[in-house]
Amino acid sequence: MVVQIKLRHTMPTNLPADYFNAEERFRSATTTEDKIKYLEEMLSTIPKHKGTDHLRADLRKKLSKLKTATTSKKGVKKQASPYHINKEGAGQVVIIGCTNVGKSTLVASQTNANPEVSEVPFTTWAPTPGMMAIDNIQIQLIDTPPFGDDYIDPEFLNLIRRVDLALIMIDLHANPVQELEFVLQKLQENRIAPSYLEGVIHPEGFVLYVPCLVLVNKFDDESFAEHFQIFQELLEGDHPLIPASAQTGYQLEDLKTRIFAELGVIRVYSKAPGKDPDRTAPFVVEKGILLGDFAGKVHKDFQENLKSAKIWGTSVDFPGQMVSREHMLEDEDVVELQI
Ligand SMILES: Nc1nc2c(ncn2[C@@H]2O[C@H](COP(=O)(O)OP(=O)(O)OP(=O)(O)O)[C@@H](O)[C@H]2O)c(=O)[nH]1
Ligand SMILES: [Mg+2]
């Protein structure tokens, strides 16, 4: 049976009854999956000729919209954002910056991860975390896609909001002044500012301050010192600048020392009486921790029953000094707990 209808596209079209059956079911369908099923059925029943071109185009458009809706919905449900990266090690550090500054180079050269490095702009499109050694501890370093003029994934911004430190990377060989300004402006548009600007800037409304350092990359060797000096003179304001090279490794040790200092943690070694401490396995604890709280991290029994402790390190006046539970520990202290 063939039913003739007048479509809004002015041309009368002969459509088979199967089409109208499918259309009827499409109209009463309540789930997106069913709607897709009946739309596909409608499309498959339409005779293909000039008179149905518009109708088929319309239906295909509807179908693609519905399919996008389901995949994005499923995407949210089934697959967490790649920016949901669990913190590992003594701190979580994200590298941000414009394209080609060397973010992936740093992660590839300093961690176990292997993000693609290329002179072609906009190479990285997803974040990649890796573990980087700083002396005898490990921190997490995350490579990210470049900041550009367009939209920044909200989950990328959320990652920046929750990390322990954001490393703003700029390229000494390119336009370091503009790059730094651009990154700071993008952050500001999203109500984020480096904590070194707290009290210096007075933004209207809420701003979240995130600890930041500025890595001036491609400082490949000492011959770039003059270049760096000119850049510093052109730059307005005080920024915690670290000139270094992700590629040659020049001054990367300085970078690591600065990162460690920003993380707000210290290393403490626990030792048994008469034995040497294991310097390869420090406890990484928050700066300012008191002996009593440290003891609890070593073992529950120590927290409750700690009688005394001897300390070797900068927090005491002489090696092996006895201290109370309220004693504040410092980086690299060695502690002998006694119950
Ligand atoms: N001379 C020099 N070149 C570097 C250095 N670091 C990176 N490069 C080069 O700069 C180019 C870009 O490096 P990438 O690490 O891919 O840059 P990126 O910031 O990850 O770039 P996007 O993924 O586009 O954001 C490559 O050709 C690198 O070899 C460096 O310290 N010195
Ligand atoms: Mg990259």
# chains A, B, ... in the order shown; residues from 1 in each chain; ligands from 1
>>> residues_around(residues="stretch 135-138 of chain A", least_positions_apart="3", cutoff="6 Å", atoms="only C-alpha atoms", output="VMD selection string")
chain A and resid 89 132 280
>>> write_last_selection(atoms="N, CA, C and O atoms", output="mmCIF file, in the first residue's frame")
data_model
loop_
_atom_site.group_PDB
_atom_site.id
_atom_site.type_symbol
_atom_site.label_atom_id
_atom_site.label_comp_id
_atom_site.auth_asym_id
_atom_site.auth_seq_id
_atom_site.Cartn_x
_atom_site.Cartn_y
_atom_site.Cartn_z
ATOM 1 N N GLY A 89 52.596 9.520 44.816
ATOM 2 C CA GLY A 89 53.875 10.043 45.282
ATOM 3 C C GLY A 89 53.708 11.224 46.209
ATOM 4 O O GLY A 89 52.633 11.456 46.777
ATOM 5 N N MET A 132 58.359 11.431 38.578
ATOM 6 C CA MET A 132 59.700 12.019 38.482
ATOM 7 C C MET A 132 60.394 11.923 39.844
ATOM 8 O O MET A 132 59.792 12.231 40.877
ATOM 9 N N THR A 280 66.879 5.502 51.722
ATOM 10 C CA THR A 280 66.156 5.399 50.454
ATOM 11 C C THR A 280 64.644 5.418 50.673
ATOM 12 O O THR A 280 63.883 5.513 49.710
#
>>> residues_around(residues="stretch 173-175 of chain A", least_positions_apart="6", cutoff="12 Å", atoms="only C-alpha atoms", output="ChimeraX atom specification")
/A:97-102,181-182,216-220,224,227-228,230-231,234-235,243,245
>>> residues_around(residues="A:Val335", least_positions_apart="6", cutoff="9 Å", atoms="only C-alpha atoms", output="list in words")
Val268, Tyr269, Ser270, Lys271, Ala272, Pro277, Leu291, Ala309, Lys310, Ile311, Trp312, Gly313 and Gly320 of chain A
>>> residues_around(residues="stretch 189-202 of chain A", least_positions_apart="2", cutoff="9 Å", atoms="only C-alpha atoms", output="number ranges by chain")
A: 157, 160-161, 166, 184-187, 204-213, 238-240
>>> closest_atom_pairs(of="chain A", to="ligand 2", cutoff="8 Å", atoms="only C-alpha atoms and all ligand atoms", output="JSON lines")
{"residue": "A:Thr99", "atom": "CA", "partner": "ligand 2", "partner_atom_place_in_ligand_line": "1 (Mg)", "distance": 7.0}
{"residue": "A:Asn100", "atom": "CA", "partner": "ligand 2", "partner_atom_place_in_ligand_line": "1 (Mg)", "distance": 6.7}
{"residue": "A:Gly102", "atom": "CA", "partner": "ligand 2", "partner_atom_place_in_ligand_line": "1 (Mg)", "distance": 6.7}
{"residue": "A:Lys103", "atom": "CA", "partner": "ligand 2", "partner_atom_place_in_ligand_line": "1 (Mg)", "distance": 5.4}
{"residue": "A:Ser104", "atom": "CA", "partner": "ligand 2", "partner_atom_place_in_ligand_line": "1 (Mg)", "distance": 4.1}
{"residue": "A:Thr105", "atom": "CA", "partner": "ligand 2", "partner_atom_place_in_ligand_line": "1 (Mg)", "distance": 7.2}
{"residue": "A:Pro115", "atom": "CA", "partner": "ligand 2", "partner_atom_place_in_ligand_line": "1 (Mg)", "distance": 7.0}
{"residue": "A:Glu116", "atom": "CA", "partner": "ligand 2", "partner_atom_place_in_ligand_line": "1 (Mg)", "distance": 6.5}
{"residue": "A:Val117", "atom": "CA", "partner": "ligand 2", "partner_atom_place_in_ligand_line": "1 (Mg)", "distance": 5.9}
{"residue": "A:Ser118", "atom": "CA", "partner": "ligand 2", "partner_atom_place_in_ligand_line": "1 (Mg)", "distance": 7.4}
{"residue": "A:Phe122", "atom": "CA", "partner": "ligand 2", "partner_atom_place_in_ligand_line": "1 (Mg)", "distance": 6.9}
{"residue": "A:Thr123", "atom": "CA", "partner": "ligand 2", "partner_atom_place_in_ligand_line": "1 (Mg)", "distance": 5.3}
{"residue": "A:Thr124", "atom": "CA", "partner": "ligand 2", "partner_atom_place_in_ligand_line": "1 (Mg)", "distance": 4.1}
{"residue": "A:Trp125", "atom": "CA", "partner": "ligand 2", "partner_atom_place_in_ligand_line": "1 (Mg)", "distance": 7.7}
{"residue": "A:Asp143", "atom": "CA", "partner": "ligand 2", "partner_atom_place_in_ligand_line": "1 (Mg)", "distance": 6.8}
{"residue": "A:Thr144", "atom": "CA", "partner": "ligand 2", "partner_atom_place_in_ligand_line": "1 (Mg)", "distance": 6.6}
{"residue": "A:Pro145", "atom": "CA", "partner": "ligand 2", "partner_atom_place_in_ligand_line": "1 (Mg)", "distance": 6.0}
{"residue": "A:Pro146", "atom": "CA", "partner": "ligand 2", "partner_atom_place_in_ligand_line": "1 (Mg)", "distance": 7.0}
>>> atom_distance(atom1="atom CA of A:Lys256", atom2="atom CA of A:Gly130")
14.7 Å
>>> atom_distance(atom1="atom CA of A:Ala90", atom2="atom CA of A:Asp331")
13.5 Å
>>> select_by_dssp(residues="stretch 56-281 of chain A", states="strand (DSSP E)", output="PyMOL selection string")
chain A and resi 92-97+128-134+137-143+165-171+192-194+208-210+212-217+241-243+265-270
>>> select_by_dssp(residues="stretch 128-310 of chain A", states="alpha helix (DSSP H)", output="compact mmCIF listing (two decimals) with N, CA, C and O atoms, in the first residue's frame")
# COMPACT_ATOMS: atom_id res chain seq x y z
N PRO A 154 36.75 22.00 30.98
CA PRO A 154 36.52 22.35 32.40
C PRO A 154 37.22 21.39 33.36
O PRO A 154 37.64 21.79 34.45
N GLU A 155 37.37 20.14 32.93
CA GLU A 155 38.06 19.17 33.81
C GLU A 155 39.56 19.46 33.87
O GLU A 155 40.21 19.15 34.86
N PHE A 156 40.10 20.04 32.80
CA PHE A 156 41.50 20.48 32.81
C PHE A 156 41.65 21.59 33.86
O PHE A 156 42.55 21.58 34.70
N LEU A 157 40.70 22.52 33.84
CA LEU A 157 40.75 23.63 34.82
C LEU A 157 40.61 23.09 36.24
O LEU A 157 41.29 23.53 37.16
N ASN A 158 39.74 22.08 36.40
CA ASN A 158 39.58 21.51 37.73
C ASN A 158 40.85 20.81 38.21
O ASN A 158 41.17 20.85 39.39
N LEU A 159 41.55 20.19 37.27
CA LEU A 159 42.83 19.57 37.64
C LEU A 159 43.79 20.65 38.15
O LEU A 159 44.44 20.48 39.18
N ILE A 160 43.85 21.77 37.43
CA ILE A 160 44.74 22.86 37.86
C ILE A 160 44.33 23.36 39.26
O ILE A 160 45.17 23.67 40.09
N ARG A 161 43.01 23.37 39.51
CA ARG A 161 42.53 23.86 40.82
C ARG A 161 42.94 22.95 41.97
O ARG A 161 43.08 23.40 43.09
N ARG A 162 43.11 21.65 41.69
CA ARG A 162 43.36 20.76 42.84
C ARG A 162 44.81 20.28 42.98
O ARG A 162 45.13 19.63 43.97
N PRO A 176 58.45 34.69 25.41
CA PRO A 176 58.18 34.32 26.81
C PRO A 176 57.30 35.32 27.55
O PRO A 176 56.47 34.91 28.37
N VAL A 177 57.45 36.62 27.27
CA VAL A 177 56.65 37.61 27.99
C VAL A 177 55.17 37.44 27.64
O VAL A 177 54.32 37.30 28.54
N GLN A 178 54.88 37.39 26.34
CA GLN A 178 53.49 37.21 25.91
C GLN A 178 52.92 35.89 26.41
O GLN A 178 51.77 35.81 26.82
N GLU A 179 53.75 34.85 26.36
CA GLU A 179 53.26 33.53 26.78
C GLU A 179 52.84 33.54 28.24
O GLU A 179 51.78 33.02 28.60
N LEU A 180 53.68 34.13 29.09
CA LEU A 180 53.35 34.17 30.51
C LEU A 180 52.07 34.99 30.73
O LEU A 180 51.16 34.57 31.46
N GLU A 181 51.99 36.13 30.06
CA GLU A 181 50.78 36.96 30.20
C GLU A 181 49.55 36.22 29.73
O GLU A 181 48.48 36.29 30.34
N PHE A 182 49.70 35.49 28.62
CA PHE A 182 48.56 34.76 28.06
C PHE A 182 48.06 33.70 29.03
O PHE A 182 46.86 33.58 29.28
N VAL A 183 48.99 32.93 29.60
CA VAL A 183 48.60 31.87 30.53
C VAL A 183 47.92 32.47 31.76
O VAL A 183 46.86 32.00 32.20
N LEU A 184 48.51 33.54 32.29
CA LEU A 184 47.92 34.16 33.49
C LEU A 184 46.53 34.72 33.18
O LEU A 184 45.62 34.63 34.00
N GLN A 185 46.38 35.26 31.97
CA GLN A 185 45.08 35.80 31.58
C GLN A 185 44.04 34.68 31.47
O GLN A 185 42.90 34.81 31.94
N LYS A 186 44.44 33.56 30.85
CA LYS A 186 43.51 32.42 30.72
C LYS A 186 43.09 31.91 32.10
O LYS A 186 41.93 31.57 32.33
N LEU A 187 44.07 31.85 33.01
CA LEU A 187 43.74 31.39 34.36
C LEU A 187 42.77 32.36 35.01
O LEU A 187 41.77 31.96 35.62
N GLN A 188 43.07 33.64 34.85
CA GLN A 188 42.24 34.66 35.48
C GLN A 188 40.81 34.63 34.95
O GLN A 188 39.86 34.78 35.71
N GLU A 189 40.67 34.39 33.64
CA GLU A 189 39.32 34.27 33.06
C GLU A 189 38.53 33.16 33.74
O GLU A 189 37.31 33.17 33.74
N ALA A 225 72.18 33.15 29.00
CA ALA A 225 72.04 34.01 30.18
C ALA A 225 71.61 35.43 29.80
O ALA A 225 70.75 36.03 30.45
N GLU A 226 72.22 35.95 28.73
CA GLU A 226 71.90 37.31 28.34
C GLU A 226 70.45 37.42 27.86
O GLU A 226 69.72 38.33 28.21
N HIS A 227 70.10 36.44 27.07
CA HIS A 227 68.73 36.32 26.57
C HIS A 227 67.73 36.34 27.73
O HIS A 227 66.73 37.05 27.72
N PHE A 228 68.07 35.57 28.75
CA PHE A 228 67.21 35.46 29.92
C PHE A 228 67.13 36.80 30.66
O PHE A 228 66.06 37.21 31.12
N GLN A 229 68.25 37.47 30.71
CA GLN A 229 68.29 38.76 31.41
C GLN A 229 67.39 39.79 30.71
O GLN A 229 66.64 40.53 31.35
N ILE A 230 67.46 39.79 29.38
CA ILE A 230 66.61 40.72 28.62
C ILE A 230 65.13 40.41 28.88
O ILE A 230 64.32 41.30 29.11
N PHE A 231 64.83 39.13 28.87
CA PHE A 231 63.45 38.71 29.15
C PHE A 231 62.99 39.22 30.51
O PHE A 231 61.91 39.79 30.66
N GLN A 232 63.86 39.07 31.51
CA GLN A 232 63.52 39.52 32.86
C GLN A 232 63.24 41.02 32.91
O GLN A 232 62.34 41.47 33.62
N GLU A 233 64.05 41.77 32.15
CA GLU A 233 63.86 43.22 32.14
C GLU A 233 62.55 43.62 31.48
O GLU A 233 61.92 44.61 31.85
N LEU A 234 62.15 42.84 30.49
CA LEU A 234 60.90 43.15 29.78
C LEU A 234 59.66 42.77 30.59
O LEU A 234 58.57 43.29 30.38
N LEU A 252 68.13 21.60 35.65
CA LEU A 252 66.91 20.89 36.07
C LEU A 252 66.96 20.52 37.55
O LEU A 252 65.92 20.38 38.19
N GLU A 253 68.18 20.38 38.09
CA GLU A 253 68.28 20.08 39.52
C GLU A 253 67.72 21.25 40.34
O GLU A 253 67.06 21.04 41.36
N ASP A 254 67.99 22.48 39.87
CA ASP A 254 67.43 23.66 40.55
C ASP A 254 65.91 23.62 40.51
O ASP A 254 65.23 23.91 41.49
N LEU A 255 65.40 23.25 39.33
CA LEU A 255 63.95 23.16 39.19
C LEU A 255 63.37 22.17 40.20
O LEU A 255 62.40 22.46 40.90
N LYS A 256 64.02 21.01 40.32
CA LYS A 256 63.51 19.98 41.23
C LYS A 256 63.55 20.46 42.68
O LYS A 256 62.62 20.22 43.45
N THR A 257 64.63 21.15 43.04
CA THR A 257 64.74 21.66 44.41
C THR A 257 63.60 22.64 44.69
O THR A 257 62.99 22.61 45.76
N ARG A 258 63.33 23.50 43.71
CA ARG A 258 62.25 24.49 43.88
C ARG A 258 60.88 23.81 43.97
O ARG A 258 60.02 24.21 44.74
N ILE A 259 60.69 22.79 43.14
CA ILE A 259 59.41 22.07 43.19
C ILE A 259 59.23 21.46 44.57
O ILE A 259 58.20 21.62 45.21
N PHE A 260 60.27 20.79 45.05
CA PHE A 260 60.18 20.14 46.36
C PHE A 260 59.84 21.17 47.44
O PHE A 260 58.96 20.94 48.28
N ALA A 261 60.49 22.32 47.38
CA ALA A 261 60.25 23.36 48.40
C ALA A 261 58.80 23.85 48.36
O ALA A 261 58.24 24.23 49.39
N GLU A 262 58.18 23.83 47.18
CA GLU A 262 56.81 24.32 47.03
C GLU A 262 55.76 23.32 47.52
O GLU A 262 54.61 23.68 47.73
N LEU A 291 56.47 15.74 66.46
CA LEU A 291 56.95 14.38 66.66
C LEU A 291 55.81 13.40 66.97
O LEU A 291 55.75 12.31 66.41
N GLY A 292 54.89 13.80 67.86
CA GLY A 292 53.79 12.91 68.27
C GLY A 292 52.98 12.45 67.06
O GLY A 292 52.62 11.28 66.94
N ASP A 293 52.70 13.38 66.14
CA ASP A 293 51.91 13.03 64.95
C ASP A 293 52.72 12.17 63.98
O ASP A 293 52.19 11.26 63.33
N PHE A 294 54.01 12.46 63.89
CA PHE A 294 54.87 11.65 63.03
C PHE A 294 54.88 10.21 63.54
O PHE A 294 54.78 9.26 62.76
N ALA A 295 55.00 10.06 64.86
CA ALA A 295 55.07 8.73 65.46
C ALA A 295 53.84 7.90 65.06
O ALA A 295 53.95 6.71 64.74
N GLY A 296 52.68 8.57 65.01
CA GLY A 296 51.45 7.89 64.63
C GLY A 296 51.49 7.40 63.19
O GLY A 296 50.86 6.41 62.83
N LYS A 297 52.24 8.10 62.35
CA LYS A 297 52.34 7.68 60.94
C LYS A 297 53.25 6.47 60.79
O LYS A 297 53.12 5.68 59.87
N VAL A 298 54.23 6.36 61.71
CA VAL A 298 55.14 5.21 61.64
C VAL A 298 54.40 3.96 62.11
O VAL A 298 54.43 2.93 61.45
N LYS A 300 50.76 2.81 64.76
CA LYS A 300 49.70 3.19 65.71
C LYS A 300 50.20 3.10 67.16
O LYS A 300 49.92 3.96 67.98
N ASP A 301 50.96 2.03 67.45
CA ASP A 301 51.47 1.83 68.81
C ASP A 301 52.33 3.00 69.27
O ASP A 301 52.30 3.39 70.43
N PHE A 302 53.11 3.52 68.35
CA PHE A 302 53.99 4.64 68.71
C PHE A 302 53.18 5.87 69.09
O PHE A 302 53.55 6.62 69.99
N GLN A 303 52.06 6.08 68.39
CA GLN A 303 51.26 7.27 68.67
C GLN A 303 50.75 7.23 70.12
O GLN A 303 50.81 8.21 70.84
N GLU A 304 50.29 6.04 70.51
CA GLU A 304 49.72 5.94 71.85
C GLU A 304 50.77 5.82 72.94
O GLU A 304 50.63 6.38 74.02
N ASN A 305 51.81 5.06 72.66
CA ASN A 305 52.73 4.70 73.75
C ASN A 305 54.11 5.34 73.68
O ASN A 305 55.02 4.92 74.40
>>> closest_residue(among="A:Ala108, A:Val94, A:Val284, A:Met131", to="ligand 1", atoms="only C-alpha atoms and all ligand atoms")
A:Ala108
>>> residues_around(residues="stretch 60-68 of chain A", least_positions_apart="2", cutoff="10 Å", atoms="only C-alpha atoms", output="ChimeraX atom specification")
/A:32-33,35-40,43,54-58,70-74
>>> write_last_selection(atoms="C-alpha atoms", output="tab-separated table (two decimals), in the first residue's frame")
chain	number	residue	atom	x	y	z
A	32	THR	CA	16.76	7.80	22.93
A	33	GLU	CA	17.77	4.25	21.97
A	35	LYS	CA	14.05	6.85	18.90
A	36	ILE	CA	17.29	5.98	17.11
A	37	LYS	CA	15.97	2.53	16.21
A	38	TYR	CA	12.74	3.89	14.65
A	39	LEU	CA	14.48	6.74	12.88
A	40	GLU	CA	16.80	4.22	11.27
A	43	LEU	CA	15.25	6.04	6.81
A	54	HIS	CA	15.09	16.78	1.92
A	55	LEU	CA	13.23	14.36	4.10
A	56	ARG	CA	16.17	11.96	4.21
A	57	ALA	CA	18.57	14.80	5.01
A	58	ASP	CA	16.29	15.95	7.84
A	70	THR	CA	23.81	9.14	23.63
A	71	THR	CA	27.55	8.87	23.16
A	72	SER	CA	28.25	11.98	25.18
A	73	LYS	CA	25.85	10.82	27.89
A	74	LYS	CA	27.42	7.38	27.93
